[in-house]
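Undergrad: Coordinates in data.cif, mmCIF, C-alpha atoms, are listed below.
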data_run
loop_
_atom_site.label_atom_id
_atom_site.label_comp_id
_atom_site.auth_asym_id
_atom_site.auth_seq_id
_atom_site.Cartn_x
_atom_site.Cartn_y
_atom_site.Cartn_z
CA MET A 1 68.59 140.10 59.52
CA GLY A 2 70.33 143.27 58.38
CA ASP A 3 73.86 142.94 57.01
CA ASP A 4 74.64 140.09 54.64
CA GLN A 5 75.27 136.90 56.55
CA ASN A 6 76.65 133.94 54.64
CA CYS A 7 75.77 130.37 55.39
CA LEU A 8 77.88 127.43 54.20
CA ALA A 9 76.45 123.90 54.13
CA LYS A 10 78.64 120.85 53.64
CA THR A 11 77.70 117.20 53.51
CA THR A 12 79.58 113.98 53.01
CA GLY A 13 76.42 111.93 52.64
CA GLY A 14 73.66 110.57 54.77
CA TYR A 15 72.51 114.07 55.75
CA ARG A 16 70.27 116.63 54.14
CA GLN A 17 69.92 120.30 55.03
CA LEU A 18 66.62 122.05 54.29
CA LEU A 19 66.22 125.80 54.37
CA ARG A 20 62.67 127.08 54.93
CA ILE A 21 61.99 130.47 53.33
CA GLU A 22 58.87 132.55 53.85
CA ASN A 23 56.92 133.19 50.64
CA ARG A 24 55.85 136.83 50.83
CA ALA A 25 54.21 136.76 47.40
CA LEU A 26 51.92 133.89 48.48
CA PRO A 27 51.75 134.02 52.28
CA SER A 28 49.21 131.18 52.42
CA VAL A 29 51.82 128.84 50.94
CA LEU A 30 53.44 127.35 54.03
CA THR A 31 56.53 125.79 52.58
CA ILE A 32 59.23 126.81 50.18
CA VAL A 33 62.11 124.44 50.66
CA HIS A 34 65.65 124.60 49.37
CA CYS A 35 67.62 121.38 49.75
CA LEU A 36 71.25 122.20 50.52
CA PRO A 37 73.33 120.58 49.08
CA LYS A 38 72.10 117.68 46.97
CA ASN A 39 71.74 114.26 48.52
CA MET A 40 74.78 111.99 48.08
CA ARG A 41 72.82 108.87 47.22
CA PRO A 42 73.41 106.41 44.37
CA SER A 43 70.22 107.78 42.78
CA CYS A 44 72.04 111.08 42.07
CA LEU A 45 73.16 110.67 38.45
CA GLN A 46 76.32 112.77 38.87
CA GLU A 47 77.42 110.67 41.86
CA LYS A 48 76.51 107.44 40.08
CA LYS A 49 78.69 108.40 37.09
CA ARG A 50 81.61 109.38 39.35
CA VAL A 51 81.41 106.08 41.25
CA GLU A 52 81.16 103.92 38.14
CA GLU A 53 84.13 105.70 36.51
CA LEU A 54 86.19 104.69 39.56
CA GLY A 55 85.17 101.02 39.29
CA GLY A 56 82.37 101.06 41.85
CA TYR A 57 78.96 99.50 41.30
CA PHE A 58 75.47 99.61 42.74
CA GLU A 59 73.57 96.61 43.98
CA ASP A 60 69.97 97.12 45.13
CA GLY A 61 70.69 100.86 45.46
CA TYR A 62 73.78 100.36 47.65
CA LEU A 63 77.34 101.36 46.77
CA ASN A 64 79.27 98.12 46.20
CA GLY A 65 76.26 96.37 47.75
CA GLU A 66 76.99 97.82 51.22
CA LEU A 67 76.42 101.54 51.69
CA ALA A 68 73.42 103.78 50.92
CA VAL A 69 75.56 106.90 50.32
CA THR A 70 78.48 107.70 48.02
CA ARG A 71 80.31 110.06 50.40
CA ALA A 72 81.03 109.31 54.04
CA LEU A 73 83.56 110.10 56.76
CA GLY A 74 83.70 106.57 58.10
CA ASP A 75 83.55 103.18 56.37
CA ARG A 76 87.32 103.02 55.99
CA HIS A 77 87.15 99.41 54.75
CA MET A 78 85.52 100.71 51.55
CA LYS A 79 88.17 103.34 50.82
CA SER A 80 91.58 103.13 49.16
CA PRO A 81 94.51 102.73 51.57
CA ILE A 82 96.16 105.97 52.71
CA GLY A 83 98.97 106.88 50.31
CA SER A 84 97.51 104.75 47.50
CA ASN A 85 97.38 106.26 44.01
CA SER A 86 94.05 104.57 43.29
CA LYS A 87 90.84 106.43 44.00
CA SER A 88 87.96 104.86 45.85
CA PRO A 89 84.34 105.24 44.73
CA LEU A 90 83.52 106.13 48.37
CA ILE A 91 85.02 109.49 49.27
CA ALA A 92 84.90 111.86 52.24
CA GLU A 93 85.11 115.01 50.09
CA PRO A 94 82.10 117.15 51.05
CA GLU A 95 79.62 118.70 48.67
CA MET A 96 79.37 122.41 49.54
CA THR A 97 76.76 125.11 49.00
CA GLN A 98 76.99 128.73 50.12
CA TRP A 99 74.24 131.33 50.17
CA VAL A 100 73.44 134.69 51.74
CA LEU A 101 70.81 134.57 54.47
CA SER A 102 67.94 137.02 54.19
CA ASP A 103 65.12 138.20 56.42
CA ASP A 104 62.90 135.60 54.69
CA ASP A 105 65.00 132.64 55.89
CA GLU A 106 63.18 131.12 58.85
CA PHE A 107 65.01 127.94 59.81
CA MET A 108 67.13 125.07 58.60
CA ILE A 109 66.72 121.37 59.34
CA ILE A 110 69.79 119.15 59.32
CA GLY A 111 68.79 115.51 59.40
CA CYS A 112 70.16 112.09 58.51
CA ASP A 113 68.80 109.25 56.39
CA GLY A 114 66.49 107.88 59.06
CA ILE A 115 64.33 110.99 58.72
CA TRP A 116 64.42 111.37 54.92
CA ASP A 117 63.71 107.68 54.32
CA VAL A 118 60.23 108.09 55.85
CA MET A 119 59.39 111.82 55.45
CA SER A 120 59.36 114.15 52.49
CA ASN A 121 61.10 117.52 52.68
CA LYS A 122 57.69 119.22 52.89
CA GLU A 123 56.44 116.94 55.69
CA ALA A 124 59.53 117.62 57.81
CA VAL A 125 59.44 121.38 57.22
CA ASP A 126 55.70 121.60 57.92
CA LEU A 127 56.12 119.63 61.17
CA VAL A 128 58.97 121.87 62.38
CA ARG A 129 57.19 125.07 61.37
CA ARG A 130 53.98 124.06 63.20
CA GLN A 131 55.95 123.17 66.31
CA LEU A 132 58.01 126.38 66.24
CA MET A 133 54.78 128.41 66.05
CA HIS A 134 53.48 126.38 69.01
CA HIS A 135 56.48 126.46 71.39
CA ASN A 136 59.43 128.13 69.57
CA ASP A 137 61.93 125.53 70.83
CA PRO A 138 64.26 124.23 68.07
CA LYS A 139 65.73 121.49 70.29
CA ARG A 140 62.25 120.18 71.01
CA CYS A 141 61.42 120.37 67.27
CA ALA A 142 64.44 118.18 66.48
CA ARG A 143 63.21 115.63 69.05
CA GLU A 144 59.71 115.73 67.51
CA LEU A 145 61.18 115.07 64.05
CA ILE A 146 62.96 112.01 65.41
CA ASP A 147 59.82 110.83 67.24
CA GLN A 148 57.78 111.18 64.03
CA ALA A 149 60.37 109.18 62.04
CA LEU A 150 60.16 106.44 64.70
CA ARG A 151 56.34 106.43 64.47
CA LEU A 152 56.75 106.00 60.69
CA HIS A 153 58.98 102.95 61.34
CA THR A 154 62.30 104.24 60.06
CA SER A 155 64.98 101.57 59.84
CA ASP A 156 68.04 103.83 59.69
CA ASN A 157 69.90 105.94 62.24
CA LEU A 158 68.34 109.21 63.42
CA THR A 159 69.88 112.60 64.04
CA ALA A 160 68.18 115.99 63.68
CA ILE A 161 69.17 119.60 64.33
CA VAL A 162 66.91 122.61 63.85
CA VAL A 163 68.63 125.98 63.42
CA CYS A 164 66.41 129.09 63.66
CA PHE A 165 67.24 132.27 61.77
CA SER A 166 64.20 134.15 63.10
CA SER A 167 63.51 134.78 66.77
CA GLN A 168 59.81 133.96 66.35
CA ILE A 169 58.10 132.03 63.56
CA LYS A 170 54.87 133.76 62.60
CA PRO A 171 51.76 131.99 61.32
CA PRO A 172 51.04 132.60 57.64
CA GLN A 173 48.66 135.41 56.80
CA PRO A 174 45.76 134.48 54.54
CA TRP A 175 46.23 135.75 51.02
CA ARG A 176 43.78 138.45 50.05
CA PRO A 177 43.80 140.27 46.74
CA LYS A 178 44.30 144.00 47.03
CA PHE A 179 41.47 146.02 45.57
CA ARG A 180 41.27 149.74 45.16
CA ARG A 181 38.06 151.41 46.08
CA SER A 182 36.66 153.47 43.33
CA GLY A 183 34.88 156.70 43.96
CA LEU A 184 31.66 155.63 42.24
#
Go ahead and render the structure in this file as structure tokens.

TA:
Amino acid sequence: MGDDQNCLAKTTGGYRQLLRIENRALPSVLTIVHCLPKNMRPSCLQEKKRVEELGGYFEDGYLNGELAVTRALGDRHMKSPIGSNSKSPLIAEPEMTQWVLSDDDEFMIIGCDGIWDVMSNKEAVDLVRRQLMHHNDPKRCARELIDQALRLHTSDNLTAIVVCFSSQIKPPQPWRPKFRRSGL
């Protein structure tokens, strides 16, 4: 990748970004995942505390019994009126994470709840990595993620984007210990 290249991830909820990094120390390990930034769900203790301090509540895991996330751009009916001094438990303020990309960063998946409700981070990353090694088409990988979520009977909306940081994803090399030959 060469010179330092920064990447900034922002989310207002309902989306998760996963960064797949090659593990050079253990090449046989297919997946090292960094979730960027944290998920804005009521299950996040920091978000739960913030919401409850502002008078919000959770019913069956939903903010005020209606919404599965605590940050969103839409859902105006759940926010304080413009110009109001009161703060709403539902906000549009994004959570942000910044990092420097390295040569080990392979790709990033940006996906919404419909994917993460039925697939683990590892399952999604493994699916994308296998497909990139097969056809190296990130757009097609995003479609395959959505198709897999549909096969798993997701009940939420579906959006996926795959961003590649490497021109070609290489298959993992089997790990072999390095031995020195002795002159015996």

Undergrad: My list of candidates is A:Val118, A:Leu152, A:Leu54, A:Val162. Which is closest to Pro138 in chain A when distances are computed with only C-alpha atoms?

TA: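 Looking only at the distances to Pro138 in chain A, the closest residue turns out to be A:Val162.
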
Undergrad: With distances taken over all atoms listed in the file, which residue among A:His153, A:Lys10, A:Lys48, A:Lys139 lies nearest Tyr62 in chain A?

TA: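 That would be A:Lys48, the residue with the smallest distance to Tyr62 in chain A.
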
Undergrad: Check what the PyMOL selection byres ((chain A and resi 92) around 6) selects in the file above and give those residues as a list in words.

TA: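 Those residues are Thr12, Arg71, Ala72, Leu73, Ile91 and Glu93 of chain A.
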
Undergrad: So how far away is CA of Ser120 in chain A from CA of Arg151 in chain A, in Å?

TA: 14.6 Å

Undergrad: Considering all atoms listed in the file, return as a VMD selection string whatever protein or nucleic-acid residues lie within 6 Å of range 95-101 of chain A, sequence-local ones (same chain, fewer than 5 positions apart) excluded.

TA: chain A and resid 5 to 11 37

Undergrad: Find the distance between CA of Glu66 in chain A and CA of Ile146 in chain A and write it in Å to one decimal.

TA: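 Distance reported for this atom pair: 24.5 Å.
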
Undergrad: Identify which of the residues A:Val125, A:Thr154, A:Ile110, A:Ser167 lies closest to Asp137 in chain A, counting all atoms listed in the file when measuring atom-to-atom distances.

TA: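 For Asp137 in chain A, the nearest of the candidates is A:Ser167.
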
Undergrad: Would you mind reading off the distance between CA of Glu52 in chain A and CA of Asn157 in chain A, one decimal, in Å?

TA: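 One can read the CA of Glu52 in chain A to CA of Asn157 in chain A distance as 26.7 Å.
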
Undergrad: Considering all atoms listed in the file, can you say which of A:His134, A:Lys87, A:Arg143, A:Arg50 comes closest to Thr159 in chain A?

TA: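 Of all the options, A:Arg143 lies closest to Thr159 in chain A.
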